[in-house]
Structures are given as C-alpha cells and as structure tokens.
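Trainee: Compact mmCIF, C-alpha atoms, saved as entry-v1.txt, coming up:
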# COMPACT_ATOMS: atom_id res chain seq x y z
CA MET A 1 107.42 95.76 32.30
CA ALA A 2 105.32 92.77 33.23
CA GLU A 3 106.80 89.55 34.50
CA ILE A 4 105.06 86.33 33.56
CA VAL A 5 104.93 84.81 37.01
CA GLY A 6 103.27 81.52 36.20
CA VAL A 7 101.99 79.51 33.24
CA PHE A 8 99.56 76.74 34.04
CA ALA A 9 97.17 74.37 32.27
CA ALA A 10 94.29 72.22 33.42
CA SER A 11 91.60 70.12 31.82
CA HIS A 12 87.98 71.13 32.02
CA THR A 13 84.72 69.24 31.77
CA PRO A 14 81.24 70.07 33.06
CA VAL A 15 81.11 66.68 34.75
CA MET A 16 83.71 67.92 37.24
CA LEU A 17 81.13 70.24 38.72
CA ASN A 18 77.88 68.54 37.86
CA PHE A 19 78.62 64.89 38.64
CA PRO A 20 82.00 64.69 40.41
CA GLY A 21 81.01 61.47 42.14
CA LEU A 22 80.95 59.49 38.89
CA ILE A 23 84.58 58.56 39.53
CA ALA A 24 85.95 56.47 42.40
CA GLU A 25 86.31 58.19 45.74
CA GLY A 26 90.09 57.86 45.69
CA ASP A 27 90.33 59.31 42.20
CA LEU A 28 88.10 62.20 43.19
CA ALA A 29 90.29 63.01 46.18
CA GLU A 30 93.41 62.91 44.01
CA VAL A 31 92.05 65.12 41.25
CA GLN A 32 90.65 67.58 43.76
CA ALA A 33 94.06 67.69 45.43
CA GLY A 34 95.60 68.38 42.04
CA PHE A 35 93.33 71.34 41.44
CA ALA A 36 93.88 72.58 44.98
CA GLU A 37 97.62 72.54 44.34
CA LEU A 38 97.00 74.46 41.13
CA GLY A 39 95.11 77.04 43.15
CA ARG A 40 97.92 77.34 45.70
CA ARG A 41 100.48 77.86 42.97
CA ILE A 42 98.38 80.48 41.18
CA ALA A 43 97.81 82.30 44.46
CA ALA A 44 101.55 82.25 45.17
CA CYS A 45 102.10 84.08 41.88
CA ARG A 46 100.33 87.17 43.26
CA ALA A 47 99.32 88.00 39.71
CA GLN A 48 97.58 91.28 38.98
CA ALA A 49 95.92 89.75 35.92
CA ILE A 50 95.41 86.24 34.59
CA VAL A 51 95.24 85.48 30.88
CA VAL A 52 92.83 82.55 30.63
CA ILE A 53 93.14 80.61 27.38
CA SER A 54 90.12 78.46 26.70
CA ASP A 55 87.48 77.75 24.07
CA ASP A 56 83.88 78.77 23.52
CA HIS A 57 81.63 75.72 23.20
CA MET A 58 79.30 77.25 20.60
CA HIS A 59 77.73 79.85 22.85
CA ASN A 60 79.20 83.23 21.96
CA PHE A 61 80.22 82.13 18.50
CA PHE A 62 78.31 80.20 15.86
CA LEU A 63 78.61 79.34 12.19
CA ASP A 64 77.44 82.86 11.32
CA ASN A 65 80.82 84.11 12.48
CA LEU A 66 83.39 81.70 13.84
CA PRO A 67 86.73 83.22 14.79
CA ALA A 68 89.81 81.06 15.11
CA PHE A 69 90.94 83.28 17.97
CA ALA A 70 89.18 85.89 20.05
CA ILE A 71 90.40 88.13 22.86
CA GLY A 72 88.14 89.79 25.40
CA ALA A 73 88.59 93.41 26.41
CA ALA A 74 85.61 93.85 28.70
CA GLU A 75 85.41 95.11 32.25
CA GLY A 76 83.67 91.92 33.31
CA TYR A 77 82.38 88.59 32.03
CA GLU A 78 79.18 86.95 33.15
CA THR A 79 79.53 83.23 33.73
CA PRO A 80 78.51 80.48 33.32
CA ILE A 81 76.41 80.72 30.20
CA GLU A 82 75.15 77.17 30.71
CA ALA A 83 72.05 77.25 32.89
CA TRP A 84 72.66 73.61 33.72
CA LEU A 85 76.18 74.03 35.09
CA LYS A 86 76.35 73.67 38.86
CA ALA A 87 78.24 76.86 39.59
CA ASP A 88 77.31 80.21 41.06
CA LYS A 89 76.28 82.80 38.52
CA ARG A 90 78.76 85.60 38.78
CA VAL A 91 80.78 88.20 36.93
CA LEU A 92 84.50 87.57 36.50
CA PRO A 93 86.35 90.88 36.59
CA GLY A 94 88.15 91.72 33.36
CA ASP A 95 91.21 93.75 32.49
CA PRO A 96 89.98 95.73 29.47
CA VAL A 97 93.24 97.63 29.03
CA LEU A 98 95.36 94.50 28.84
CA GLY A 99 92.83 92.82 26.55
CA ALA A 100 92.77 95.76 24.15
CA TYR A 101 96.56 95.95 24.28
CA LEU A 102 96.88 92.31 23.27
CA VAL A 103 94.50 92.74 20.34
CA GLY A 104 96.36 95.79 19.07
CA GLU A 105 99.76 94.18 19.46
CA ALA A 106 98.48 91.03 17.76
CA TYR A 107 97.54 92.98 14.64
CA GLU A 108 100.97 94.58 14.57
CA ALA A 109 102.55 91.14 14.91
CA GLY A 110 100.59 89.54 12.09
CA PHE A 111 97.81 87.85 14.08
CA ASP A 112 94.17 88.75 13.62
CA PRO A 113 92.14 87.72 16.67
CA ALA A 114 88.54 88.82 16.96
CA LEU A 115 87.85 91.44 19.60
CA SER A 116 84.92 91.08 21.98
CA LEU A 117 83.65 93.41 24.67
CA ASN A 118 80.73 91.15 25.50
CA LEU A 119 81.49 87.51 26.21
CA THR A 120 79.52 85.27 28.51
CA LEU A 121 82.04 82.65 29.48
CA ASP A 122 81.24 78.96 29.73
CA HIS A 123 82.47 75.99 31.71
CA GLY A 124 85.71 75.95 29.75
CA THR A 125 86.89 79.09 31.49
CA LEU A 126 85.01 78.78 34.76
CA THR A 127 85.56 75.15 35.78
CA PRO A 128 89.32 75.27 36.45
CA LEU A 129 89.01 78.64 38.19
CA GLU A 130 86.27 77.20 40.36
CA LEU A 131 88.01 73.93 41.22
CA ALA A 132 91.32 75.62 41.91
CA GLY A 133 89.63 78.26 44.06
CA VAL A 134 91.28 81.10 42.20
CA ASP A 135 90.77 84.49 43.82
CA ARG A 136 87.60 85.92 42.36
CA THR A 137 88.89 89.49 42.39
CA THR A 138 91.88 88.99 40.08
CA PRO A 139 91.02 90.43 36.64
CA ILE A 140 91.18 88.07 33.69
CA VAL A 141 91.71 88.43 29.97
CA PRO A 142 90.00 85.64 28.06
CA VAL A 143 91.74 84.32 24.98
CA LEU A 144 89.44 81.95 23.12
CA VAL A 145 90.71 79.39 20.62
CA ASN A 146 88.28 77.57 18.35
CA CYS A 147 88.64 73.88 19.15
CA VAL A 148 85.00 72.83 18.79
CA GLN A 149 83.94 73.37 15.19
CA PRO A 150 86.07 72.93 12.07
CA PRO A 151 87.83 74.60 10.48
CA LEU A 152 90.20 74.83 13.43
CA PRO A 153 93.41 76.85 13.60
CA THR A 154 96.46 74.66 13.12
CA MET A 155 98.43 73.39 16.07
CA ARG A 156 101.38 75.36 14.74
CA ARG A 157 99.41 78.60 14.66
CA CYS A 158 98.35 78.11 18.26
CA LEU A 159 101.95 77.63 19.36
CA GLU A 160 102.92 80.71 17.37
CA LEU A 161 100.10 82.71 18.95
CA GLY A 162 101.51 81.74 22.32
CA GLY A 163 104.93 82.98 21.27
CA PHE A 164 103.38 86.30 20.36
CA LEU A 165 101.42 86.53 23.61
CA GLY A 166 104.53 85.82 25.63
CA ARG A 167 106.49 88.56 23.86
CA ALA A 168 103.65 91.06 24.19
CA LEU A 169 103.03 90.33 27.85
CA ARG A 170 106.70 90.69 28.76
CA VAL A 171 106.85 94.25 27.45
CA TYR A 172 103.46 95.32 28.80
CA THR A 173 103.70 98.13 31.29
CA GLY A 174 100.18 98.14 32.70
CA VAL A 175 100.84 95.54 35.40
CA ASP A 176 103.94 94.07 36.99
CA ARG A 177 102.83 90.46 37.40
CA VAL A 178 100.70 88.40 35.04
CA ALA A 179 99.84 84.70 35.09
CA VAL A 180 98.50 82.43 32.37
CA LEU A 181 96.01 79.58 32.72
CA ALA A 182 95.23 77.40 29.72
CA THR A 183 92.28 75.03 29.99
CA GLY A 184 91.05 72.09 27.96
CA GLY A 185 91.82 68.53 26.89
CA LEU A 186 93.36 66.16 27.28
CA SER A 187 92.08 63.14 25.34
CA HIS A 188 88.32 62.85 25.21
CA ASP A 189 85.33 62.78 22.92
CA VAL A 190 82.13 64.74 23.21
CA GLY A 191 79.11 63.70 21.21
CA THR A 192 80.81 61.11 19.04
CA PRO A 193 80.66 57.32 18.88
CA ARG A 194 83.89 57.21 20.89
CA MET A 195 82.53 59.23 23.81
CA GLY A 196 83.73 57.63 27.04
CA LEU A 197 87.09 56.56 25.66
CA VAL A 198 90.31 58.19 26.74
CA ASN A 199 93.73 57.73 25.18
CA GLU A 200 96.34 57.70 27.93
CA ALA A 201 99.15 57.00 25.47
CA PHE A 202 98.32 60.23 23.64
CA ASP A 203 98.03 62.19 26.85
CA ARG A 204 101.32 60.98 28.30
CA GLY A 205 103.07 61.42 24.96
CA PHE A 206 101.76 64.96 24.64
CA LEU A 207 102.79 65.87 28.19
CA ASN A 208 106.24 64.39 27.57
CA HIS A 209 106.63 66.49 24.42
CA LEU A 210 105.57 69.62 26.32
CA GLY A 211 108.26 68.85 28.85
CA GLY A 212 110.88 68.41 26.17
CA GLY A 213 112.51 71.12 24.14
CA ASP A 214 111.65 69.95 20.63
CA ALA A 215 108.86 72.17 19.31
CA ALA A 216 108.84 70.45 15.92
CA ALA A 217 108.33 67.05 17.53
CA LEU A 218 105.61 68.48 19.76
CA LEU A 219 103.71 69.93 16.82
CA ASP A 220 104.15 66.81 14.75
CA PHE A 221 102.83 64.65 17.57
CA ALA A 222 99.82 66.87 18.27
CA THR A 223 98.92 67.29 14.62
CA ARG A 224 99.31 63.65 13.64
CA GLN A 225 97.89 62.00 16.75
CA VAL A 226 94.95 64.19 17.73
CA ASN A 227 92.50 62.18 15.65
CA GLU A 228 93.34 59.17 17.79
CA ALA A 229 92.57 61.09 20.97
CA GLY A 230 89.11 62.48 20.29
CA ASN A 231 87.43 65.70 19.28
CA GLY A 232 87.84 67.02 22.82
CA ALA A 233 91.57 66.50 22.48
CA GLU A 234 91.55 69.28 19.90
CA GLU A 235 91.68 71.46 23.02
CA VAL A 236 95.37 70.70 23.38
CA ARG A 237 95.63 73.85 21.26
CA MET A 238 95.28 75.78 24.52
CA TRP A 239 98.19 73.86 26.02
CA LEU A 240 100.24 74.63 22.91
CA THR A 241 99.42 78.32 23.24
CA ALA A 242 100.54 78.23 26.86
CA HIS A 243 103.68 76.38 25.79
CA GLY A 244 104.40 79.14 23.31
CA ILE A 245 104.10 81.71 26.11
CA ALA A 246 106.23 79.76 28.57
CA GLY A 247 108.99 78.53 26.29
CA PRO A 248 110.84 75.22 26.43
CA GLY A 249 111.85 75.31 30.09
CA GLY A 250 110.04 72.12 30.95
CA LEU A 251 106.75 71.02 32.44
CA ASP A 252 105.81 70.00 35.97
CA VAL A 253 102.83 67.66 35.76
CA ILE A 254 100.87 68.24 38.95
CA TYR A 255 98.24 65.62 38.15
CA TYR A 256 97.34 63.28 35.34
CA LYS A 257 95.00 60.36 35.06
CA GLY A 258 92.66 59.06 32.41
CA LEU A 259 89.17 59.18 33.93
CA PRO A 260 86.72 57.60 31.48
CA ASP A 261 83.84 58.11 33.90
CA TRP A 262 84.51 61.83 33.62
CA TYR A 263 84.84 61.26 29.87
CA ALA A 264 88.38 62.69 29.76
CA GLY A 265 92.05 62.42 30.45
CA ILE A 266 92.51 65.00 33.19
CA GLY A 267 95.77 66.89 33.44
CA VAL A 268 97.01 69.75 35.60
CA ALA A 269 100.45 71.21 34.97
CA GLN A 270 102.78 74.15 35.37
CA TRP A 271 105.56 75.20 33.02
CA ARG A 272 109.03 75.87 34.36
CA LEU A 273 109.98 79.38 33.41
CA GLU A 274 113.51 80.36 32.63
CA THR A 275 114.59 83.20 34.91
CA MET B 1 92.46 55.92 10.88
CA SER B 2 90.08 57.57 13.28
CA ARG B 3 88.87 61.09 12.69
CA ASN B 4 87.44 63.65 15.04
CA TRP B 5 84.98 65.38 12.74
CA VAL B 6 82.41 64.24 10.19
CA GLN B 7 82.79 67.38 8.08
CA ALA B 8 85.93 69.45 7.57
CA ILE B 9 83.72 72.41 6.63
CA PRO B 10 80.05 72.47 7.62
CA SER B 11 77.67 71.84 4.74
CA PRO B 12 74.69 74.14 4.16
CA GLU B 13 72.45 71.44 5.58
CA ALA B 14 74.67 71.14 8.67
CA TYR B 15 74.35 74.90 9.11
CA TRP B 16 70.57 74.68 9.38
CA ILE B 17 70.64 71.63 11.63
CA ASN B 18 73.01 73.51 13.89
CA ARG B 19 70.89 76.65 13.59
CA VAL B 20 68.04 74.72 15.20
CA LEU B 21 70.28 73.26 17.90
CA TYR B 22 71.87 76.64 18.65
CA ASP B 23 68.70 78.70 18.69
CA THR B 24 66.78 76.27 20.86
CA GLN B 25 69.62 76.15 23.37
CA HIS B 26 70.12 79.89 23.61
CA LYS B 27 66.68 81.42 23.04
CA PRO B 28 64.00 80.31 25.51
CA ALA B 29 61.16 81.22 23.17
CA GLU B 30 62.67 79.06 20.43
CA MET B 31 63.12 76.21 22.86
CA ALA B 32 59.50 76.47 23.98
CA ARG B 33 58.31 76.45 20.38
CA PHE B 34 60.48 73.43 19.57
CA ASP B 35 59.38 71.56 22.68
CA ALA B 36 55.73 72.18 21.85
CA ASP B 37 55.97 70.54 18.42
CA PRO B 38 59.41 69.62 17.03
CA ALA B 39 58.06 68.64 13.63
CA ALA B 40 56.17 71.91 13.25
CA TYR B 41 59.27 73.84 14.31
CA CYS B 42 61.32 72.24 11.57
CA ARG B 43 58.63 72.34 8.88
CA ASP B 44 59.70 75.57 7.20
CA MET B 45 63.42 75.13 7.67
CA PRO B 46 65.48 74.84 4.45
CA LEU B 47 66.25 71.21 5.23
CA THR B 48 65.59 67.90 3.56
CA GLU B 49 62.63 65.95 4.83
CA ALA B 50 65.07 63.40 6.23
CA ALA B 51 66.94 66.03 8.23
CA LYS B 52 63.68 67.45 9.55
CA ALA B 53 62.69 63.98 10.69
CA HIS B 54 66.07 63.43 12.35
CA LEU B 55 65.65 66.67 14.30
CA ALA B 56 62.07 65.95 15.27
CA GLY B 57 62.82 62.37 16.30
CA PRO B 58 65.45 62.96 17.38
CA ASP B 59 67.68 60.53 15.54
CA ILE B 60 70.92 61.30 17.36
CA GLY B 61 73.16 59.11 15.23
CA GLN B 62 71.89 60.51 11.94
CA LEU B 63 72.20 64.08 13.20
CA TYR B 64 75.80 63.35 14.12
CA LEU B 65 76.49 61.93 10.67
CA ALA B 66 74.80 64.92 9.03
CA GLY B 67 77.27 67.30 10.66
CA ALA B 68 75.50 68.36 13.83
CA ASN B 69 78.06 70.02 16.05
CA PRO B 70 78.76 67.44 18.78
CA TYR B 71 78.65 70.04 21.56
CA LEU B 72 75.34 71.49 20.40
CA LEU B 73 73.92 68.00 19.95
CA ARG B 74 75.10 67.02 23.44
CA ALA B 75 73.40 70.04 25.00
CA HIS B 76 70.24 69.37 22.99
CA CYS B 77 70.05 65.79 24.22
CA LEU B 78 70.62 66.91 27.81
CA HIS B 79 67.73 69.36 27.45
CA LEU B 80 65.52 66.60 26.09
CA ARG B 81 66.53 64.48 29.09
CA ILE B 82 67.53 61.58 26.89
CA PRO B 83 69.00 58.91 29.18
CA GLU B 84 72.78 58.82 28.96
CA ALA B 85 72.85 55.16 27.93
CA ASP B 86 70.42 55.84 25.07
CA TYR B 87 72.39 58.87 23.94
CA LEU B 88 75.68 56.99 23.91
CA GLY B 89 74.05 53.95 22.32
CA ALA B 90 72.64 56.03 19.48
CA LEU B 91 76.06 57.48 18.74
CA ARG B 92 77.84 54.15 18.95
CA ALA B 93 75.30 52.61 16.60
CA VAL B 94 76.65 54.77 13.78
CA ALA B 95 80.33 54.17 14.50
CA GLU B 96 82.36 53.32 11.43
CA ASP B 97 83.85 50.33 13.19
CA PRO B 98 82.85 48.37 16.28
CA ALA B 99 85.84 49.75 18.20
CA GLY B 100 84.28 53.15 18.06
CA GLY B 101 86.08 54.79 15.17
Please go through the file and, once you have read it, give me the structure as structure tokens.

Mentor:
Amino acid sequence: MAEIVGVFAASHTPVMLNFPGLIAEGDLAEVQAGFAELGRRIAACRAQAIVVISDDHMHNFFLDNLPAFAIGAAEGYETPIEAWLKADKRVLPGDPVLGAYLVGEAYEAGFDPALSLNLTLDHGTLTPLELAGVDRTTPIVPVLVNCVQPPLPTMRRCLELGGFLGRALRVYTGVDRVAVLATGGLSHDVGTPRMGLVNEAFDRGFLNHLGGGDAAALLDFATRQVNEAGNGAEEVRMWLTAHGIAGPGGLDVIYYKGLPDWYAGIGVAQWRLET
Amino acid sequence: MSRNWVQAIPSPEAYWINRVLYDTQHKPAEMARFDADPAAYCRDMPLTEAAKAHLAGPDIGQLYLAGANPYLLRAHCLHLRIPEADYLGALRAVAEDPAGG
C-alpha cells in the first residue's frame, strides 16, 4: 500500500513568474530559496506520483458548470492555459489510474468530485512546480477546489475531503510512494478594492493553527477570518485539504512573508507526518 | 466587516457579464470581435444598457460591483493593457470604505 511520503503547501501567484523583480532583491532571494528548499524536500521524497491540490481560475470551469471539487484522471495535462504566463508550454504527465481510483473511492466515501479527463492547468498548479524545480517526469493527479467563484465549498468540507484523500491514498496499491502539494493563498486580493493589501496577522494565525492540533479552532479561524484576508485567501482551502491528508502532526514553515508588491502573503510549508 | 465577494450567488446579469469576459479571454475570435467594437459586441447581449456600457467602457469599478468575477475581470484588464495604477484606482474608487473594505 502507498506511503504518503510528504505533504507540502506553497502560495502561487502569476507575478512570481511574470514580474519577480517587483519585490526587493533580498526578499526575492529569500523566497526563491524557500521554493528551492521545497523542491529539495519533494525530490527527497522520491514520490512515484504527486497529488497537486490547487484551483482553476475560471479557465476549465465557468458558471455553466462549476464544481466544488474536481479530480483529473488524464494521461497528461497541457499547461499553462494563460498565454501571458511566462512559463514554457508543456504537458505535465498524469497518473490516470490513481486519479480514477480517487474519484471512485470518493463516491464510495460520500464525496462527489467532478471527473475530468481533459484539464488544461493554469498558474495555480504550474507556478509552485516551476519555482521548486519539481521533476517534470513525476506523474501528477490534479485535485481542483473552487476558491474563485461563490458558492465555495466550506472550509470544513475541504478539511474533510483531505481526510478522505489521506485514507484513500494510504490503502492504494498502485504506487508505493505518493506526495501531496497544495498550492494557493495566503492572504491576498485579486480584482477587488483591497488588491495590494496583505494580512500578516491572518497568515501567521492560520499557520499557527495548522501547526496545532485543534481542528475545530483551525476551521473556526479560517471560516470567520477569511473575509479579513481577501478573496485570494479563500485558497487556504487547499491548505486545509492538505492538513486533512497529513493529520495533526505539526507544520514546518519553510518560508513566510507578506509581500504586498507580489500582492500576497507567500508561504511555503511541510507537514510533519506521524510515522 | 469586510467581505470577499459582492454576490454570494451570481445574478443572471453577472452571468452574462462574465460570459463576455470568459469568452473573450478563451476564444480568439470572440476577443477579436470584442476588440474591434466593444459596444457592438455587447449590443445583443441580454444585459441592461448600463451593463453594456460598463463592458464597453470599460468601467472596471461598476463591473466589479455588478458581480464580474475578479479573476476574469483582472485578465480582461490585462488584455486591454489598462495601466496597473488605473486598474487599481478604478477598483479602489468603489470601495465601501476608504480603508479598502
């Protein structure tokens, strides 16, 4: 059965790739070092597949059909969908068997994610992989959480989905080693009057709650405070999903700083897994 | 208290505003048609005259208040090469309070 060999999370923003120099030179060096450390840790996991939990920024999904959760089961994923993103066009290899397995197990467990065999992934998935230098040959399974257009799944549901994913992955027999990378957040606004503001108090409070063992307090904090942290902070749902997979073993914050000139609080972290 | 979204559920008008923003971003032919004449593009849409004018303008702040998805609106403004300061200024001009709420 598969071992979950690493659970990670990192913020994403197109500015990281398109205009990295908007922040001070020292900050840029520090955040790049944080992502490089993330890449080293993911590489050390020697994962045979990576479950990447992110969101679709209104590219694959629209108001015609807007799933709260979607799981990819394709052999590959073209990326990036944004023509303006400064990243090589490429195809990320997929693990269709693991993706299909997760969808099937989800239905049995009382979750109803959408299934997709044709996703073109955006900066939300690609940016952390790119900055961390993750091996381009490791297959991924995208898990997409709607964080960009209400109605959004509740914070609680995202944590519960993570609990399900963790249980399903640990009894999966198709690979021996699987890693998880959640991407999004932390505090930021996109396309609102508050754009450019970050909320470091929210970010540090959220990271502290992830590091603690009180799931109720974590959910209460995220649910009650997210409106003070911006519409981009709704992406903490991905961190909650990762937390549900990892369990309450604690969090190692690799990097955090509020970077208003990148329009976001940028965090990189790894969960401590109980052995 | 601050809030992250103008609408908890998109209104029918917000759907059509977002339809324009989505189609023009993802379908080159739609984008070309919009770029050629924004007002003509919007003319037959099931939108109020005000919403059509906000799209054709564009009036970024009013589109935001009408329920334009912030990510679609952001991409639209980038395509139109609206200077960042103007884009942010238009959004901040419709803030509920001067602190940005």

Trainee: Distance table requested - chain A against chain B, cut-off 9 Å, only C-alpha atoms: one row per qualifying residue with the closest atom pair and its distance in Å to one decimal, ordered by chain and rising residue number, as JSON lines.

Mentor:
{"residue": "A:His57", "atom": "CA", "partner": "B:Tyr71", "partner_atom": "CA", "distance": 6.6}
{"residue": "A:Met58", "atom": "CA", "partner": "B:Leu72", "partner_atom": "CA", "distance": 7.0}
{"residue": "A:His59", "atom": "CA", "partner": "B:His26", "partner_atom": "CA", "distance": 7.6}
{"residue": "A:Phe62", "atom": "CA", "partner": "B:Tyr22", "partner_atom": "CA", "distance": 7.9}
{"residue": "A:Leu63", "atom": "CA", "partner": "B:Tyr15", "partner_atom": "CA", "distance": 6.9}
{"residue": "A:Asp64", "atom": "CA", "partner": "B:Tyr15", "partner_atom": "CA", "distance": 8.8}
{"residue": "A:Val148", "atom": "CA", "partner": "B:Tyr71", "partner_atom": "CA", "distance": 7.5}
{"residue": "A:Gln149", "atom": "CA", "partner": "B:Asn69", "partner_atom": "CA", "distance": 6.8}
{"residue": "A:Pro150", "atom": "CA", "partner": "B:Ala8", "partner_atom": "CA", "distance": 5.7}
{"residue": "A:Pro151", "atom": "CA", "partner": "B:Ile9", "partner_atom": "CA", "distance": 6.0}
{"residue": "A:Asp189", "atom": "CA", "partner": "B:Asn4", "partner_atom": "CA", "distance": 8.2}
{"residue": "A:Val190", "atom": "CA", "partner": "B:Pro70", "partner_atom": "CA", "distance": 6.2}
{"residue": "A:Gly191", "atom": "CA", "partner": "B:Pro70", "partner_atom": "CA", "distance": 4.5}
{"residue": "A:Thr192", "atom": "CA", "partner": "B:Leu91", "partner_atom": "CA", "distance": 6.0}
{"residue": "A:Pro193", "atom": "CA", "partner": "B:Arg92", "partner_atom": "CA", "distance": 4.2}
{"residue": "A:Arg194", "atom": "CA", "partner": "B:Gly100", "partner_atom": "CA", "distance": 5.0}
{"residue": "A:Met195", "atom": "CA", "partner": "B:Leu88", "partner_atom": "CA", "distance": 7.2}
{"residue": "A:Gly196", "atom": "CA", "partner": "B:Leu88", "partner_atom": "CA", "distance": 8.7}
{"residue": "A:Leu197", "atom": "CA", "partner": "B:Gly100", "partner_atom": "CA", "distance": 8.8}
{"residue": "A:Val226", "atom": "CA", "partner": "B:Asn4", "partner_atom": "CA", "distance": 8.0}
{"residue": "A:Asn227", "atom": "CA", "partner": "B:Arg3", "partner_atom": "CA", "distance": 4.8}
{"residue": "A:Glu228", "atom": "CA", "partner": "B:Ser2", "partner_atom": "CA", "distance": 5.8}
{"residue": "A:Ala229", "atom": "CA", "partner": "B:Asn4", "partner_atom": "CA", "distance": 8.2}
{"residue": "A:Gly230", "atom": "CA", "partner": "B:Asn4", "partner_atom": "CA", "distance": 5.6}
{"residue": "A:Asn231", "atom": "CA", "partner": "B:Asn4", "partner_atom": "CA", "distance": 4.7}
{"residue": "A:Gly232", "atom": "CA", "partner": "B:Asn4", "partner_atom": "CA", "distance": 8.5}
{"residue": "A:Ala233", "atom": "CA", "partner": "B:Asn4", "partner_atom": "CA", "distance": 9.0}
{"residue": "A:Glu234", "atom": "CA", "partner": "B:Asn4", "partner_atom": "CA", "distance": 8.5}

Trainee: Those residues with C-alpha atoms, as a PDB file, in the frame of the given file please?

Mentor:
ATOM      1  CA  HIS A  57      81.630  75.720  23.200  1.00  0.00           C
ATOM      2  CA  MET A  58      79.300  77.250  20.600  1.00  0.00           C
ATOM      3  CA  HIS A  59      77.730  79.850  22.850  1.00  0.00           C
ATOM      4  CA  PHE A  62      78.310  80.200  15.860  1.00  0.00           C
ATOM      5  CA  LEU A  63      78.610  79.340  12.190  1.00  0.00           C
ATOM      6  CA  ASP A  64      77.440  82.860  11.320  1.00  0.00           C
ATOM      7  CA  VAL A 148      85.000  72.830  18.790  1.00  0.00           C
ATOM      8  CA  GLN A 149      83.940  73.370  15.190  1.00  0.00           C
ATOM      9  CA  PRO A 150      86.070  72.930  12.070  1.00  0.00           C
ATOM     10  CA  PRO A 151      87.830  74.600  10.480  1.00  0.00           C
ATOM     11  CA  ASP A 189      85.330  62.780  22.920  1.00  0.00           C
ATOM     12  CA  VAL A 190      82.130  64.740  23.210  1.00  0.00           C
ATOM     13  CA  GLY A 191      79.110  63.700  21.210  1.00  0.00           C
ATOM     14  CA  THR A 192      80.810  61.110  19.040  1.00  0.00           C
ATOM     15  CA  PRO A 193      80.660  57.320  18.880  1.00  0.00           C
ATOM     16  CA  ARG A 194      83.890  57.210  20.890  1.00  0.00           C
ATOM     17  CA  MET A 195      82.530  59.230  23.810  1.00  0.00           C
ATOM     18  CA  GLY A 196      83.730  57.630  27.040  1.00  0.00           C
ATOM     19  CA  LEU A 197      87.090  56.560  25.660  1.00  0.00           C
ATOM     20  CA  VAL A 226      94.950  64.190  17.730  1.00  0.00           C
ATOM     21  CA  ASN A 227      92.500  62.180  15.650  1.00  0.00           C
ATOM     22  CA  GLU A 228      93.340  59.170  17.790  1.00  0.00           C
ATOM     23  CA  ALA A 229      92.570  61.090  20.970  1.00  0.00           C
ATOM     24  CA  GLY A 230      89.110  62.480  20.290  1.00  0.00           C
ATOM     25  CA  ASN A 231      87.430  65.700  19.280  1.00  0.00           C
ATOM     26  CA  GLY A 232      87.840  67.020  22.820  1.00  0.00           C
ATOM     27  CA  ALA A 233      91.570  66.500  22.480  1.00  0.00           C
ATOM     28  CA  GLU A 234      91.550  69.280  19.900  1.00  0.00           C
TER      29      GLU A 234
END

Trainee: What gap, in Å, lies between atom CA of B:Leu55 and atom CA of B:Thr24?

Mentor: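 Between atom CA of B:Leu55 and atom CA of B:Thr24 the gap works out to 11.7 Å.
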
Trainee: Mind pulling up the distance from atom CA of B:Met31 to atom CA of B:Pro46?

Mentor: 18.6 Å

Trainee: Could you work out how far atom CA of B:Ala66 lies from atom CA of B:Arg81, giving the answer in Å with one decimal?

Mentor: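 These atoms are spaced 21.7 Å apart.
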
Trainee: Please provide as a list in words all residues within 8 Å of stretch 152-157 of chain A, with the sequence filter that same-chain residues fewer than 4 positions apart are discarded (counting all atoms listed in the file).

Mentor: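 With the cut-off at 8 Å, the set is Ala68, Val145, Asn146, Cys147, Val148, Leu161, Leu219, Ala222, Thr223, Arg237 and Leu240 of chain A.
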
Trainee: Do a neighbour search on stretch 83-90 of chain A at 7 Å with all atoms listed in the file, toss out local chain neighbours closer than 3 positions, and write the hits as a list in words.

Mentor: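 The residues that qualify are Pro14, Leu17, Asn18, Glu78, Thr79 and Pro80 of chain A.
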
Trainee: Write a file for stretch 111-147 of chain A, containing C-alpha atoms (output as a PDB file, in the first residue's frame).

Mentor:
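Output saved as part-v4.pdb:
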ATOM      1  CA  PHE A 111     -17.851  12.842  -1.699  1.00  0.00           C
ATOM      2  CA  ASP A 112     -18.879  13.773  -5.220  1.00  0.00           C
ATOM      3  CA  PRO A 113     -15.975  15.385  -7.071  1.00  0.00           C
ATOM      4  CA  ALA A 114     -16.292  16.065 -10.771  1.00  0.00           C
ATOM      5  CA  LEU A 115     -14.172  13.873 -13.017  1.00  0.00           C
ATOM      6  CA  SER A 116     -12.142  15.367 -15.841  1.00  0.00           C
ATOM      7  CA  LEU A 117     -10.001  13.691 -18.464  1.00  0.00           C
ATOM      8  CA  ASN A 118      -9.203  16.976 -20.166  1.00  0.00           C
ATOM      9  CA  LEU A 119      -7.870  19.780 -17.998  1.00  0.00           C
ATOM     10  CA  THR A 120      -5.514  22.496 -19.137  1.00  0.00           C
ATOM     11  CA  LEU A 121      -3.871  23.568 -15.925  1.00  0.00           C
ATOM     12  CA  ASP A 122      -3.168  27.172 -15.023  1.00  0.00           C
ATOM     13  CA  HIS A 123      -0.632  29.072 -12.961  1.00  0.00           C
ATOM     14  CA  GLY A 124      -2.160  27.756  -9.764  1.00  0.00           C
ATOM     15  CA  THR A 125      -0.777  24.302 -10.433  1.00  0.00           C
ATOM     16  CA  LEU A 126       2.247  25.198 -12.516  1.00  0.00           C
ATOM     17  CA  THR A 127       3.856  28.059 -10.592  1.00  0.00           C
ATOM     18  CA  PRO A 128       4.947  26.166  -7.467  1.00  0.00           C
ATOM     19  CA  LEU A 129       6.113  23.192  -9.548  1.00  0.00           C
ATOM     20  CA  GLU A 130       8.134  25.572 -11.691  1.00  0.00           C
ATOM     21  CA  LEU A 131       9.673  27.588  -8.858  1.00  0.00           C
ATOM     22  CA  ALA A 132      10.502  24.499  -6.829  1.00  0.00           C
ATOM     23  CA  GLY A 133      12.012  22.792  -9.863  1.00  0.00           C
ATOM     24  CA  VAL A 134       9.958  19.662  -9.357  1.00  0.00           C
ATOM     25  CA  ASP A 135      10.979  16.781 -11.605  1.00  0.00           C
ATOM     26  CA  ARG A 136       8.950  17.107 -14.771  1.00  0.00           C
ATOM     27  CA  THR A 137       8.611  13.352 -15.233  1.00  0.00           C
ATOM     28  CA  THR A 138       6.773  12.589 -11.983  1.00  0.00           C
ATOM     29  CA  PRO A 139       3.080  11.984 -12.774  1.00  0.00           C
ATOM     30  CA  ILE A 140       0.555  14.216 -11.064  1.00  0.00           C
ATOM     31  CA  VAL A 141      -3.080  13.935 -10.105  1.00  0.00           C
ATOM     32  CA  PRO A 142      -4.745  17.344 -10.022  1.00  0.00           C
ATOM     33  CA  VAL A 143      -7.364  17.936  -7.364  1.00  0.00           C
ATOM     34  CA  LEU A 144      -9.112  21.234  -8.003  1.00  0.00           C
ATOM     35  CA  VAL A 145     -11.029  23.098  -5.309  1.00  0.00           C
ATOM     36  CA  ASN A 146     -13.278  26.006  -6.224  1.00  0.00           C
ATOM     37  CA  CYS A 147     -11.899  29.036  -4.408  1.00  0.00           C
TER      38      CYS A 147
END
